[in-house]
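S.K.: Below is the structure I would like to discuss, written out as structure tokens.
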Amino acid sequence: MRTVPSLEIYMRMRCNVVRNLLQPDSSKAARESAVLYVCNCNGIREREVRQAIDEGASRPADIFRRQQCQPQCAKCVCDMRRMIDERRETLRYAAE
Ligand code: FES
């Protein structure tokens with residue numbers, strides 16, 4: 001019988017996928033060939049999420065609002081939060 005992972009474990013697995021993509025030692029080719037959708041339910045691409053963050057989105061809700069959609073399953077929310085945190089860290093280090 002097949003067991004279904006809990007929601008927390010599933011979310012952690014998805015976050016690990018994003019973390020691996022954001023590793024600085026990932027090759028450019030590997031990143032380009034990776035899946036580019038952050039939100040599969042609404043078809044929101046990584047590029048669109050990064051653009052929304054650059055334009056001031058500070059929460060996943062801001063990103064959904066800019067894309068004129070709403071979260072469906074919310075599996076992408078931790079990925080979006082991680083991308084927002086990463087951007088904040090980048091700006092913090094740039095300001096030092
Ligand atoms: S993957 Fe984003 S709402 Fe389902």
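Scheme for the structure tokens: letters A, B, ... for chains in order shown; per-chain residue numbers from 1; ligand numbers from 1 in order shown.
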For stretch 63-67 of chain A, list every protein, DNA or RNA residue within 9 Å, evaluated using only C-alpha atoms, and leave out those in the same chain fewer than 6 positions away; present the list as a tab-separated table (two decimals) with C-alpha atoms, in the first residue's frame.
M.R.:
```
chain	number	residue	atom	x	y	z
A	42	ASN	CA	-1.76	29.33	-11.48
A	44	ILE	CA	3.29	31.51	-12.22
A	48	GLU	CA	7.36	36.45	-12.78
A	49	VAL	CA	7.87	35.87	-9.06
A	52	ALA	CA	7.08	40.90	-8.57
A	53	ILE	CA	9.64	40.80	-5.74
A	57	ALA	CA	6.14	42.29	-3.35
A	80	MET	CA	7.83	32.26	-2.72
```
S.K.: When the cut-off is 8 Å and you count only C-alpha atoms and all ligand atoms, which residues lie near ligand 1, shown as a PDB file with C-alpha atoms, in the first residue's frame?
M.R.:
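result_8.pdb written:
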```
ATOM      1  CA  VAL A  38       6.913  28.185  -9.003  1.00  0.00           C
ATOM      2  CA  CYS A  39       3.123  27.898  -8.859  1.00  0.00           C
ATOM      3  CA  ASN A  40       1.729  25.078 -10.931  1.00  0.00           C
ATOM      4  CA  CYS A  41      -1.885  25.809 -10.050  1.00  0.00           C
ATOM      5  CA  ASN A  42      -1.756  29.334 -11.482  1.00  0.00           C
ATOM      6  CA  GLY A  43       1.108  28.914 -13.926  1.00  0.00           C
ATOM      7  CA  ILE A  44       3.295  31.510 -12.217  1.00  0.00           C
ATOM      8  CA  GLN A  70      -5.432  33.402  -5.730  1.00  0.00           C
ATOM      9  CA  PRO A  71      -3.616  30.500  -4.105  1.00  0.00           C
ATOM     10  CA  GLN A  72      -5.270  27.175  -4.782  1.00  0.00           C
ATOM     11  CA  CYS A  73      -3.268  24.510  -2.961  1.00  0.00           C
ATOM     12  CA  ALA A  74      -0.635  26.879  -1.443  1.00  0.00           C
ATOM     13  CA  LYS A  75       2.210  24.431  -2.069  1.00  0.00           C
ATOM     14  CA  CYS A  76       4.172  27.250  -3.702  1.00  0.00           C
ATOM     15  CA  VAL A  77       3.949  29.642  -0.765  1.00  0.00           C
TER      16      VAL A  77
END
```
S.K.: Residues at most 9 Å from stretch 86-92 of chain A, counting only C-alpha atoms, excluding those fewer than 5 positions away in the same chain, as a CSV table (one decimal) with N, CA and C atoms, in the first residue's frame?
M.R.:
```csv
chain,number,residue,atom,x,y,z
A,50,ARG,N,10.2,36.6,-9.4
A,50,ARG,CA,11.3,37.5,-9.2
A,50,ARG,C,11.0,38.9,-9.6
A,53,ILE,N,8.8,40.5,-6.9
A,53,ILE,CA,9.6,40.8,-5.7
A,53,ILE,C,10.5,42.1,-6.0
A,54,ASP,N,11.0,42.2,-7.2
A,54,ASP,CA,11.8,43.4,-7.5
A,54,ASP,C,10.9,44.6,-7.5
A,81,ARG,N,8.1,32.5,-0.3
A,81,ARG,CA,8.7,33.1,0.9
A,81,ARG,C,10.2,33.0,0.9
```
S.K.: Please measure the separation of atom CA of A:Arg45 and atom CA of A:Ser58, giving the value in Å to one decimal.
M.R.: 17.0 Å
S.K.: Can you measure atom CA of A:Gly56 to atom CA of A:Ile84 for me? One decimal in Å is fine.
M.R.: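 The value is 9.8 Å.
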